[in-house]
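Pasting coords-v9.tsv here (TSV, C-alpha atoms and all ligand atoms):
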```tsv
chain	number	residue	atom	x	y	z
A	1	MET	CA	16.83	-7.03	-25.39
A	2	PHE	CA	16.12	-3.86	-23.50
A	3	GLY	CA	15.94	-0.38	-24.87
A	4	ALA	CA	18.88	1.77	-23.90
A	5	THR	CA	18.16	2.90	-20.42
A	6	ILE	CA	20.23	5.33	-18.50
A	7	LEU	CA	20.62	5.74	-14.81
A	8	VAL	CA	19.31	9.24	-14.29
A	9	ALA	CA	20.59	10.92	-11.19
A	10	GLY	CA	18.94	13.83	-9.51
A	11	CYS	CA	20.63	15.15	-6.45
A	12	GLY	CA	19.08	12.37	-4.41
A	13	ASN	CA	18.09	12.80	-0.83
A	14	SER	CA	21.67	12.83	0.31
A	15	GLY	CA	22.30	15.81	-1.96
A	16	ASP	CA	25.19	14.01	-3.56
A	17	SER	CA	24.78	12.31	-6.91
A	18	ALA	CA	28.26	10.85	-6.44
A	19	HIS	CA	26.61	8.03	-4.53
A	20	ILE	CA	24.93	6.98	-7.75
A	21	ALA	CA	26.97	4.22	-9.31
A	22	THR	CA	27.86	4.90	-12.94
A	23	PRO	CA	27.21	1.76	-14.97
A	24	ALA	CA	30.12	0.80	-17.17
A	25	THR	CA	28.05	0.90	-20.31
A	26	THR	CA	25.97	4.04	-19.92
A	27	PRO	CA	26.85	7.34	-18.32
A	28	ALA	CA	24.75	8.61	-15.48
A	29	VAL	CA	22.79	11.55	-16.77
A	30	SER	CA	22.17	14.24	-14.23
A	31	ASP	CA	18.57	15.32	-14.40
A	32	GLN	CA	16.96	17.94	-12.24
A	33	THR	CA	13.18	17.52	-12.48
A	34	ASP	CA	11.90	20.57	-14.29
A	35	ASP	CA	8.43	20.41	-12.85
A	36	ALA	CA	6.01	23.23	-13.31
A	37	PRO	CA	5.41	25.12	-10.06
A	38	ALA	CA	2.56	23.99	-7.84
A	39	PRO	CA	-0.79	25.60	-8.72
A	40	ALA	CA	-1.18	29.04	-7.23
A	41	PRO	CA	-3.11	29.10	-3.93
A	42	GLY	CA	-6.82	29.25	-4.63
A	43	THR	CA	-6.62	27.55	-8.03
A	44	GLN	CA	-7.90	24.01	-8.13
A	45	PRO	CA	-5.19	21.37	-8.63
A	46	ARG	CA	-5.54	19.00	-11.58
A	47	VAL	CA	-5.49	15.32	-10.60
A	48	THR	CA	-5.48	12.48	-13.11
A	49	ILE	CA	-6.82	9.13	-11.91
A	50	LEU	CA	-5.28	6.08	-13.60
A	51	ALA	CA	-7.29	2.93	-12.86
A	52	THR	CA	-5.78	-0.56	-12.91
A	53	GLY	CA	-8.47	-2.68	-11.17
A	54	GLY	CA	-8.29	-4.37	-7.79
A	55	THR	CA	-10.84	-4.70	-5.04
A	56	ILE	CA	-11.50	-0.97	-5.02
A	57	ALA	CA	-13.10	-1.68	-8.41
A	58	GLY	CA	-14.47	-5.00	-7.26
A	59	LYS	CA	-18.07	-6.14	-7.10
A	60	ALA	CA	-19.50	-8.96	-5.03
A	61	ASN	CA	-20.15	-12.08	-7.06
A	62	ASP	CA	-22.94	-14.63	-6.58
A	63	ASN	CA	-20.84	-17.65	-5.74
A	64	SER	CA	-19.94	-16.62	-2.21
A	65	ALA	CA	-21.08	-14.33	0.57
A	66	VAL	CA	-17.59	-12.91	0.86
A	67	GLY	CA	-16.33	-13.52	-2.65
A	68	TYR	CA	-16.04	-10.76	-5.18
A	69	THR	CA	-14.52	-10.14	-8.57
A	70	ALA	CA	-11.76	-7.51	-8.62
A	71	GLY	CA	-11.54	-4.97	-11.41
A	72	GLU	CA	-15.16	-4.70	-12.49
A	73	ALA	CA	-15.96	-1.02	-11.90
A	74	SER	CA	-14.51	1.64	-14.21
A	75	ALA	CA	-12.48	4.68	-13.21
A	76	GLN	CA	-15.54	6.85	-13.75
A	77	ASP	CA	-17.67	4.53	-11.57
A	78	LEU	CA	-15.14	5.03	-8.77
A	79	ILE	CA	-15.28	8.80	-9.11
A	80	ASP	CA	-19.08	8.83	-9.24
A	81	ALA	CA	-19.19	6.91	-5.95
A	82	VAL	CA	-17.47	9.78	-4.11
A	83	PRO	CA	-19.73	12.83	-3.82
A	84	GLY	CA	-17.84	16.13	-3.90
A	85	LEU	CA	-14.60	14.73	-5.25
A	86	ASP	CA	-14.61	17.43	-7.91
A	87	LYS	CA	-14.57	20.05	-5.18
A	88	ILE	CA	-11.05	18.88	-4.20
A	89	ALA	CA	-9.48	18.78	-7.66
A	90	THR	CA	-10.20	19.02	-11.35
A	91	LEU	CA	-10.37	15.36	-12.27
A	92	HIS	CA	-9.53	13.39	-15.39
A	93	ALA	CA	-9.80	9.58	-15.45
A	94	GLU	CA	-8.10	6.96	-17.62
A	95	GLN	CA	-8.37	3.17	-17.56
A	96	ILE	CA	-4.86	1.68	-17.78
A	97	ALA	CA	-5.93	-1.89	-16.91
A	98	ASN	CA	-8.68	-3.69	-15.02
A	99	ILE	CA	-7.05	-6.61	-13.23
A	100	GLY	CA	-6.66	-8.06	-9.78
A	101	SER	CA	-3.23	-6.95	-8.64
A	102	GLN	CA	-2.13	-10.54	-8.10
A	103	ASP	CA	-1.85	-10.40	-11.93
A	104	MET	CA	0.08	-7.13	-12.00
A	105	ASN	CA	2.96	-7.31	-14.47
A	106	ASP	CA	5.85	-5.42	-16.10
A	107	GLU	CA	3.75	-4.41	-19.10
A	108	VAL	CA	1.25	-2.53	-16.92
A	109	TRP	CA	4.10	-1.05	-14.87
A	110	LEU	CA	5.76	0.39	-17.98
A	111	LYS	CA	2.42	1.69	-19.26
A	112	LEU	CA	1.78	3.44	-15.93
A	113	ALA	CA	5.29	4.89	-15.75
A	114	ASP	CA	5.23	6.21	-19.32
A	115	ARG	CA	1.76	7.74	-18.88
A	116	ILE	CA	2.66	9.44	-15.58
A	117	ASN	CA	5.91	10.86	-16.98
A	118	GLN	CA	4.03	12.12	-20.05
A	119	LEU	CA	1.35	13.79	-17.94
A	120	PHE	CA	4.00	15.59	-15.87
A	121	THR	CA	6.22	16.46	-18.85
A	122	ASP	CA	3.20	17.99	-20.59
A	123	ASN	CA	2.22	19.75	-17.34
A	124	ALA	CA	-1.20	18.13	-17.82
A	125	ALA	CA	-1.59	17.22	-14.15
A	126	ASP	CA	-0.48	18.49	-10.75
A	127	GLY	CA	-0.80	15.03	-9.24
A	128	VAL	CA	-1.69	11.47	-10.17
A	129	VAL	CA	-3.79	8.89	-8.30
A	130	ILE	CA	-3.54	5.22	-9.24
A	131	THR	CA	-6.34	2.87	-8.16
A	132	HIS	CA	-4.83	-0.56	-7.63
A	133	GLY	CA	-5.32	-3.90	-5.91
A	134	THR	CA	-3.76	-4.09	-2.46
A	135	ASP	CA	-1.92	-7.38	-2.95
A	136	THR	CA	0.96	-5.89	-4.96
A	137	ILE	CA	0.36	-2.17	-4.46
A	138	GLU	CA	3.63	-1.83	-2.50
A	139	GLU	CA	5.61	-3.29	-5.42
A	140	THR	CA	4.01	-1.03	-8.02
A	141	ALA	CA	4.54	1.98	-5.75
A	142	PHE	CA	8.19	1.07	-5.22
A	143	PHE	CA	8.75	0.62	-8.97
A	144	LEU	CA	7.14	3.98	-9.79
A	145	ASP	CA	9.09	5.58	-6.95
A	146	HIS	CA	12.23	4.79	-8.94
A	147	VAL	CA	11.15	5.66	-12.49
A	148	VAL	CA	8.88	8.71	-12.25
A	149	ALA	CA	10.98	11.72	-13.27
A	150	SER	CA	9.05	14.32	-11.32
A	151	ASP	CA	8.63	15.50	-7.75
A	152	LYS	CA	4.87	15.85	-8.20
A	153	PRO	CA	2.65	13.55	-6.11
A	154	VAL	CA	1.97	10.00	-7.29
A	155	VAL	CA	-0.53	8.39	-4.91
A	156	LEU	CA	-1.60	4.74	-5.05
A	157	VAL	CA	-4.87	3.72	-3.43
A	158	GLY	CA	-6.84	0.52	-2.99
A	159	SER	CA	-9.42	-0.97	-0.70
A	160	MET	CA	-9.86	-4.06	1.39
A	161	ARG	CA	-13.59	-4.38	0.69
A	162	PRO	CA	-15.31	-4.39	-2.72
A	163	SER	CA	-17.47	-1.46	-3.80
A	164	THR	CA	-20.62	-3.48	-3.10
A	165	ALA	CA	-19.65	-4.49	0.45
A	166	LEU	CA	-21.23	-3.25	3.69
A	167	SER	CA	-18.98	-0.34	4.83
A	168	ALA	CA	-16.95	-0.39	1.63
A	169	ASP	CA	-13.67	1.47	2.32
A	170	GLY	CA	-12.91	2.34	-1.33
A	171	PRO	CA	-14.79	5.64	-1.64
A	172	ALA	CA	-13.23	7.12	1.51
A	173	ASN	CA	-9.79	5.88	0.46
A	174	LEU	CA	-10.18	7.41	-3.00
A	175	ARG	CA	-11.22	10.74	-1.50
A	176	SER	CA	-8.14	10.66	0.77
A	177	ALA	CA	-5.88	9.82	-2.16
A	178	VAL	CA	-7.18	12.73	-4.23
A	179	GLN	CA	-6.72	15.04	-1.24
A	180	VAL	CA	-3.08	13.96	-0.94
A	181	ALA	CA	-2.42	14.20	-4.68
A	182	ALA	CA	-3.84	17.73	-4.60
A	183	ALA	CA	-1.83	18.78	-1.54
A	184	ARG	CA	1.03	21.23	-2.06
A	185	ASP	CA	3.13	19.53	0.61
A	186	ALA	CA	2.87	16.13	-1.08
A	187	ARG	CA	5.60	17.01	-3.59
A	188	ASN	CA	9.10	15.51	-3.38
A	189	ARG	CA	8.01	12.53	-1.27
A	190	GLY	CA	8.14	9.95	-4.04
A	191	ALA	CA	5.30	7.54	-4.66
A	192	LEU	CA	2.85	7.31	-1.76
A	193	VAL	CA	0.29	4.70	-0.69
A	194	VAL	CA	-2.89	5.99	0.99
A	195	LEU	CA	-5.49	3.77	2.69
A	196	ASN	CA	-7.40	3.91	5.96
A	197	ASP	CA	-6.67	7.63	6.55
A	198	THR	CA	-2.92	6.96	6.55
A	199	ILE	CA	-0.13	8.05	4.17
A	200	HIS	CA	2.86	5.74	3.61
A	201	THR	CA	5.95	6.05	1.45
A	202	ALA	CA	6.58	3.47	-1.25
A	203	ARG	CA	9.84	2.47	0.39
A	204	ASP	CA	8.39	1.75	3.84
A	205	VAL	CA	4.82	0.51	3.33
A	206	THR	CA	3.86	-3.16	3.43
A	207	LYS	CA	0.64	-5.20	3.67
A	208	THR	CA	0.48	-7.05	7.01
A	209	ASN	CA	-3.04	-8.50	7.24
A	210	THR	CA	-4.99	-10.56	4.72
A	211	THR	CA	-8.38	-8.92	5.27
A	212	SER	CA	-8.41	-6.00	7.73
A	213	VAL	CA	-8.74	-2.36	6.62
A	214	GLN	CA	-5.76	-1.34	8.77
A	215	THR	CA	-3.51	-3.82	6.94
A	216	PHE	CA	-0.94	-1.30	5.65
A	217	VAL	CA	1.86	-0.27	7.99
A	218	SER	CA	5.38	1.17	7.66
A	219	PRO	CA	7.09	-1.10	10.19
A	220	ASN	CA	10.54	0.51	10.11
A	221	ALA	CA	9.78	4.19	9.63
A	222	GLY	CA	6.16	4.79	10.61
A	223	PRO	CA	3.60	6.62	8.46
A	224	GLU	CA	4.46	9.70	6.39
A	225	GLY	CA	1.23	11.37	7.47
A	226	PHE	CA	-2.54	11.19	7.92
A	227	VAL	CA	-5.64	12.36	6.10
A	228	ASP	CA	-9.07	13.31	7.33
A	229	ALA	CA	-11.99	15.17	5.77
A	230	ALA	CA	-10.49	18.46	6.88
A	231	ALA	CA	-6.83	18.18	6.01
A	232	VAL	CA	-3.75	16.31	4.86
A	233	ARG	CA	-1.17	16.23	7.66
A	234	PHE	CA	2.39	15.13	6.94
A	235	THR	CA	4.39	14.16	10.01
A	236	LYS	CA	7.79	14.32	8.26
A	237	PRO	CA	9.50	16.94	6.07
A	238	ALA	CA	9.62	16.36	2.32
A	239	ALA	CA	13.00	15.59	0.71
A	240	ARG	CA	14.87	18.81	0.04
A	241	GLN	CA	16.11	18.00	-3.41
A	242	ALA	CA	15.17	16.14	-6.56
A	243	ARG	CA	15.19	12.38	-6.15
A	244	ALA	CA	17.46	10.09	-8.12
A	245	HIS	CA	15.54	7.92	-10.56
A	246	PHE	CA	16.04	5.48	-13.40
A	247	GLN	CA	14.67	5.97	-16.88
A	248	VAL	CA	11.69	3.74	-17.56
A	249	PRO	CA	12.96	0.39	-18.87
A	250	GLY	CA	12.66	0.25	-22.65
A	251	SER	CA	10.62	-2.93	-22.83
A	252	ALA	CA	9.01	-5.68	-20.77
A	253	PRO	CA	9.57	-8.07	-19.18
A	254	MET	CA	12.46	-6.84	-17.10
A	255	PRO	CA	15.25	-9.31	-16.27
A	256	ARG	CA	14.04	-12.32	-14.29
A	257	VAL	CA	14.71	-12.09	-10.55
A	258	ASP	CA	13.34	-14.90	-8.38
A	259	ILE	CA	12.63	-14.85	-4.66
A	260	VAL	CA	13.55	-18.02	-2.77
A	261	TYR	CA	11.77	-18.47	0.55
A	262	SER	CA	13.83	-19.89	3.39
A	263	HIS	CA	12.48	-22.37	5.96
A	264	ALA	CA	13.70	-25.06	8.34
A	265	GLY	CA	15.20	-28.05	6.58
A	266	MET	CA	15.71	-26.16	3.31
A	267	ASN	CA	17.75	-27.62	0.47
A	268	ALA	CA	19.08	-25.73	-2.57
A	269	ASP	CA	16.43	-26.86	-5.07
A	270	GLN	CA	14.75	-23.42	-5.28
A	271	VAL	CA	18.13	-21.83	-6.10
A	272	HIS	CA	18.91	-24.38	-8.80
A	273	ASP	CA	15.41	-24.02	-10.26
A	274	ALA	CA	15.75	-20.23	-10.39
A	275	ILE	CA	19.06	-20.43	-12.23
A	276	GLY	CA	17.74	-23.19	-14.47
A	277	HIS	CA	14.87	-20.91	-15.51
A	278	GLY	CA	17.21	-18.06	-16.40
A	279	ALA	CA	17.10	-15.88	-13.30
A	280	LYS	CA	19.68	-13.11	-13.51
A	281	GLY	CA	19.06	-12.20	-9.88
A	282	ILE	CA	17.98	-14.10	-6.77
A	283	VAL	CA	16.51	-12.56	-3.64
A	284	LEU	CA	16.62	-14.65	-0.49
A	285	ALA	CA	13.59	-14.25	1.78
A	286	GLY	CA	15.76	-15.45	4.60
A	287	VAL	CA	14.95	-16.54	8.13
A	288	GLY	CA	15.91	-14.05	10.83
A	289	ASP	CA	18.64	-11.66	9.75
A	290	GLY	CA	18.56	-12.85	6.15
A	291	ASN	CA	19.98	-16.30	6.89
A	292	THR	CA	19.37	-19.79	5.50
A	293	SER	CA	20.73	-23.33	5.57
A	294	GLU	CA	24.41	-24.00	4.84
A	295	GLU	CA	23.50	-25.84	1.63
A	296	VAL	CA	21.57	-22.84	0.36
A	297	VAL	CA	24.29	-20.37	1.41
A	298	ASP	CA	26.78	-22.39	-0.64
A	299	ALA	CA	24.45	-22.49	-3.66
A	300	LEU	CA	23.82	-18.73	-3.45
A	301	SER	CA	27.52	-17.97	-3.18
A	302	ASP	CA	28.23	-20.18	-6.18
A	303	ALA	CA	25.54	-18.33	-8.14
A	304	ALA	CA	27.00	-14.96	-7.11
A	305	HIS	CA	30.42	-16.02	-8.26
A	306	HIS	CA	28.94	-17.00	-11.60
A	307	GLY	CA	27.39	-13.60	-12.35
A	308	VAL	CA	23.97	-13.88	-10.69
A	309	VAL	CA	23.09	-10.87	-8.49
A	310	VAL	CA	22.26	-12.37	-5.09
A	311	VAL	CA	20.49	-10.20	-2.50
A	312	ARG	CA	19.73	-11.26	1.05
A	313	SER	CA	16.45	-10.01	2.53
A	314	SER	CA	14.30	-11.44	5.31
A	315	ARG	CA	10.87	-13.08	5.61
A	316	VAL	CA	10.55	-11.48	9.07
A	317	GLY	CA	8.72	-8.34	7.93
A	318	SER	CA	10.57	-5.57	9.78
A	319	GLY	CA	14.09	-4.53	10.73
A	320	THR	CA	17.25	-4.38	8.63
A	321	THR	CA	19.14	-7.29	7.08
A	322	VAL	CA	22.58	-6.46	8.42
A	323	ARG	CA	25.51	-6.83	6.00
A	324	ASN	CA	28.25	-9.24	7.12
A	325	ALA	CA	26.51	-10.01	10.43
A	326	GLU	CA	25.27	-13.62	10.45
A	327	VAL	CA	26.30	-14.09	6.80
A	328	ASN	CA	29.66	-12.96	5.40
A	329	ASP	CA	28.52	-11.03	2.33
A	330	ASP	CA	32.05	-9.89	1.51
A	331	GLN	CA	33.20	-13.51	1.25
A	332	LEU	CA	30.07	-14.88	-0.46
A	333	GLY	CA	29.73	-12.05	-3.00
A	334	THR	CA	26.18	-11.36	-1.82
A	335	VAL	CA	24.34	-8.09	-1.16
A	336	SER	CA	22.23	-7.08	1.82
A	337	ALA	CA	18.77	-5.65	1.03
A	338	LEU	CA	19.07	-3.59	4.24
A	339	ASP	CA	15.52	-2.54	5.17
A	340	LEU	CA	13.85	-3.59	1.90
A	341	ASN	CA	11.52	-6.58	2.05
A	342	PRO	CA	12.00	-9.38	-0.50
A	343	ALA	CA	9.37	-8.10	-2.94
A	344	LYS	CA	10.89	-4.60	-3.09
A	345	ALA	CA	14.46	-5.94	-3.15
A	346	ARG	CA	13.41	-7.89	-6.25
A	347	VAL	CA	12.14	-4.73	-8.00
A	348	LEU	CA	15.32	-2.76	-7.28
A	349	THR	CA	17.46	-5.70	-8.43
A	350	GLN	CA	15.52	-5.80	-11.71
A	351	LEU	CA	16.07	-2.08	-12.28
A	352	LEU	CA	19.77	-2.40	-11.54
A	353	LEU	CA	20.06	-5.31	-13.97
A	354	VAL	CA	18.29	-3.26	-16.65
A	355	ASN	CA	20.93	-0.57	-16.06
A	356	ASN	CA	23.80	-3.09	-16.25
A	357	ILE	CA	24.67	-2.59	-12.58
A	358	THR	CA	25.64	-6.13	-11.57
A	359	ASP	CA	28.86	-5.74	-9.57
A	360	ALA	CA	28.03	-6.68	-5.96
A	361	GLY	CA	29.79	-3.58	-4.62
A	362	GLN	CA	27.84	-1.26	-6.92
A	363	VAL	CA	24.59	-3.09	-6.22
A	364	GLN	CA	25.17	-2.71	-2.49
A	365	GLN	CA	25.88	0.99	-3.00
A	366	GLN	CA	22.51	1.34	-4.75
A	367	PHE	CA	20.65	-0.49	-2.00
A	368	ALA	CA	22.23	1.85	0.52
A	369	ALA	CA	21.46	4.96	-1.52
A	370	ARG	CA	17.84	4.42	-2.46
B	401	LIG	N1	-7.33	-9.52	-5.81
B	401	LIG	C1	-6.65	-8.70	-4.83
B	401	LIG	C2	-5.95	-7.51	-5.54
B	401	LIG	O1	-6.46	-7.07	-6.56
B	401	LIG	C3	-7.64	-8.20	-3.84
B	401	LIG	C4	-7.02	-7.36	-2.80
B	401	LIG	C5	-7.45	-5.91	-2.89
B	401	LIG	O2	-7.40	-5.26	-3.95
B	401	LIG	O3	-7.79	-5.41	-1.83
B	401	LIG	O4	-4.92	-7.06	-5.03
```
Step by step, read the file and then write its structure as structure tokens.
Ligand code: DGL
Amino acid sequence: MFGATILVAGCGNSGDSAHIATPATTPAVSDQTDDAPAPAPGTQPRVTILATGGTIAGKANDNSAVGYTAGEASAQDLIDAVPGLDKIATLHAEQIANIGSQDMNDEVWLKLADRINQLFTDNAADGVVITHGTDTIEETAFFLDHVVASDKPVVLVGSMRPSTALSADGPANLRSAVQVAAARDARNRGALVVLNDTIHTARDVTKTNTTSVQTFVSPNAGPEGFVDAAAVRFTKPAARQARAHFQVPGSAPMPRVDIVYSHAGMNADQVHDAIGHGAKGIVLAGVGDGNTSEEVVDALSDAAHHGVVVVRSSRVGSGTTVRNAEVNDDQLGTVSALDLNPAKARVLTQLLLVNNITDAGQVQQQFAAR
């Protein structure tokens, strides 16, 4: 079903790979990233741009004053729209896909992950920029944050206005992203998302507004840094040691994990539908501190006790879903997503399922460690 994948543990931010659960079926393989050193000062960094589509590549269409079609411009078109980009880095562009990111999928994720790892293994790039739609950019970033086996910069960038719009934000965002990918201090920060002069980590960033250019925030941790025409300024230190990561899953799709959205008056139909459609994991986008109706709590606990990985997150948008606070996870066999939103909790649950990590205690350990 899935190619053999191994949980690959670097030292992790805590400096202790012991926190990495060892799946029963495959040994954890310690792997220090053997990245080439950063380019010597004065030599131009090499940045590869991998294009996937999105509004940054969008062009206005005729059927509406505000409508546009995502994913129409090529990677080279995007580069050509930014004068002087080649003064920041030696650029190479590849088209991985050309889709709106509402259609992003596991196949494109695996293609991106394999290409990035190959570029870094071959020392063919000092950094990678991915142009991407903003709707699911945080999910792609979070996935890559966990499967790229390098501490070199991986920077995702999008735009809120199409390339043909008045005051299009794409060109400036792309310039900022290349600046970050070329920056020496961008290493060992995992995947980053750059828009609107602001740098966010994959773990913390989320989209908070449907249309505004300042839509991306990091509600729990704040931005990682800022970019302007003169400089890239990180406001936090980079991780000291290699980051733990998973090997890229051997094939797509990854195991099915459904998100059920809690609301007043909720019955357990969404839970039963998820299980009926073969979900191996369920993430609750709970009300408040990851809570839901009694009927749904009972259905989730029953699922957990029948081998489904059940993770409680919250629809609230910031804060931490506290384990055993309003909901007794120990008794129910459920896991708290801690500060991960439902969409990112789903991605991590998929990766854990691929690595045969399904025991609630081990799953919770992974949520706490990553
Ligand atoms: N279709 C949406 C996407 O590709 C547009 C949002 C955007 O890219 O800004 O994510």
Kindly compile the residues surrounding ligand LIG 401 (chain B) within 12 Å, counting all atoms listed in the file, and format them as a ChimeraX atom specification. /A:51-60,66-72,97-104,131-140,156-163,168-170,173,195,207,209-216
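Going from atom CA of Asp302 of chain A over to atom CA of His277 of chain A, you cover 16.3 Å.
Remark: for Asp151 of chain A, the closest of the candidate residues A:Gly333, A:Pro83, A:Pro37, A:Gly225 is A:Pro37 (distances computed over only C-alpha atoms).
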Please tell me which residues are no farther than 10 Å from (1.0, 14.3, -13.0) in the file, counting all atoms listed in the file, and write them as a ChimeraX atom specification. /A:35,46-49,115-129,148,150-154,181
Could those selected residues go to a file with C-alpha atoms, as a PDB file, in the frame of the given file?
```pdb
ATOM      1  CA  ASP A  35       8.430  20.410 -12.850  1.00  0.00           C
ATOM      2  CA  ARG A  46      -5.540  19.000 -11.580  1.00  0.00           C
ATOM      3  CA  VAL A  47      -5.490  15.320 -10.600  1.00  0.00           C
ATOM      4  CA  THR A  48      -5.480  12.480 -13.110  1.00  0.00           C
ATOM      5  CA  ILE A  49      -6.820   9.130 -11.910  1.00  0.00           C
ATOM      6  CA  ARG A 115       1.760   7.740 -18.880  1.00  0.00           C
ATOM      7  CA  ILE A 116       2.660   9.440 -15.580  1.00  0.00           C
ATOM      8  CA  ASN A 117       5.910  10.860 -16.980  1.00  0.00           C
ATOM      9  CA  GLN A 118       4.030  12.120 -20.050  1.00  0.00           C
ATOM     10  CA  LEU A 119       1.350  13.790 -17.940  1.00  0.00           C
ATOM     11  CA  PHE A 120       4.000  15.590 -15.870  1.00  0.00           C
ATOM     12  CA  THR A 121       6.220  16.460 -18.850  1.00  0.00           C
ATOM     13  CA  ASP A 122       3.200  17.990 -20.590  1.00  0.00           C
ATOM     14  CA  ASN A 123       2.220  19.750 -17.340  1.00  0.00           C
ATOM     15  CA  ALA A 124      -1.200  18.130 -17.820  1.00  0.00           C
ATOM     16  CA  ALA A 125      -1.590  17.220 -14.150  1.00  0.00           C
ATOM     17  CA  ASP A 126      -0.480  18.490 -10.750  1.00  0.00           C
ATOM     18  CA  GLY A 127      -0.800  15.030  -9.240  1.00  0.00           C
ATOM     19  CA  VAL A 128      -1.690  11.470 -10.170  1.00  0.00           C
ATOM     20  CA  VAL A 129      -3.790   8.890  -8.300  1.00  0.00           C
ATOM     21  CA  VAL A 148       8.880   8.710 -12.250  1.00  0.00           C
ATOM     22  CA  SER A 150       9.050  14.320 -11.320  1.00  0.00           C
ATOM     23  CA  ASP A 151       8.630  15.500  -7.750  1.00  0.00           C
ATOM     24  CA  LYS A 152       4.870  15.850  -8.200  1.00  0.00           C
ATOM     25  CA  PRO A 153       2.650  13.550  -6.110  1.00  0.00           C
ATOM     26  CA  VAL A 154       1.970  10.000  -7.290  1.00  0.00           C
ATOM     27  CA  ALA A 181      -2.420  14.200  -4.680  1.00  0.00           C
TER      28      ALA A 181
END
```
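Distances to Thr206 of chain A were evaluated for A:Thr334, A:Ser314, A:Thr321, A:Asn341 using only C-alpha atoms, and the minimum falls at A:Asn341.
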What lies within 10 Å of Ser313 of chain A using only C-alpha atoms, ignoring chain neighbours under 5 positions off, as a count of residues only? 26
Record the distance separating atom CA of Gln364 of chain A and atom CA of Val205 of chain A, expressed in Å with one decimal. 21.4 Å
Residue with the minimum atom-to-atom distance to Gly276 of chain A, picked from A:Ser293, A:Phe246, A:Arg256, A:His146 with all atoms listed in the file counted, is A:Arg256
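In this structure, atom CA of Gly190 of chain A sits 5.3 Å away from atom CA of Asp145 of chain A.
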If we draw a sphere of 10 Å around (-9.3, 12.3, -2.5), which residues have at least one atom in it when counting only C-alpha atoms? Please report them as a list of chain:residue names. A:Val47, A:Ile79, A:Val82, A:Gly84, A:Leu85, A:Asp86, A:Lys87, A:Ile88, A:Ala89, A:Val129, A:Val155, A:Val157, A:Pro171, A:Ala172, A:Asn173, A:Leu174, A:Arg175, A:Ser176, A:Ala177, A:Val178, A:Gln179, A:Val180, A:Ala181, A:Ala182, A:Ala183, A:Val194, A:Val227, A:Asp228, A:Ala229
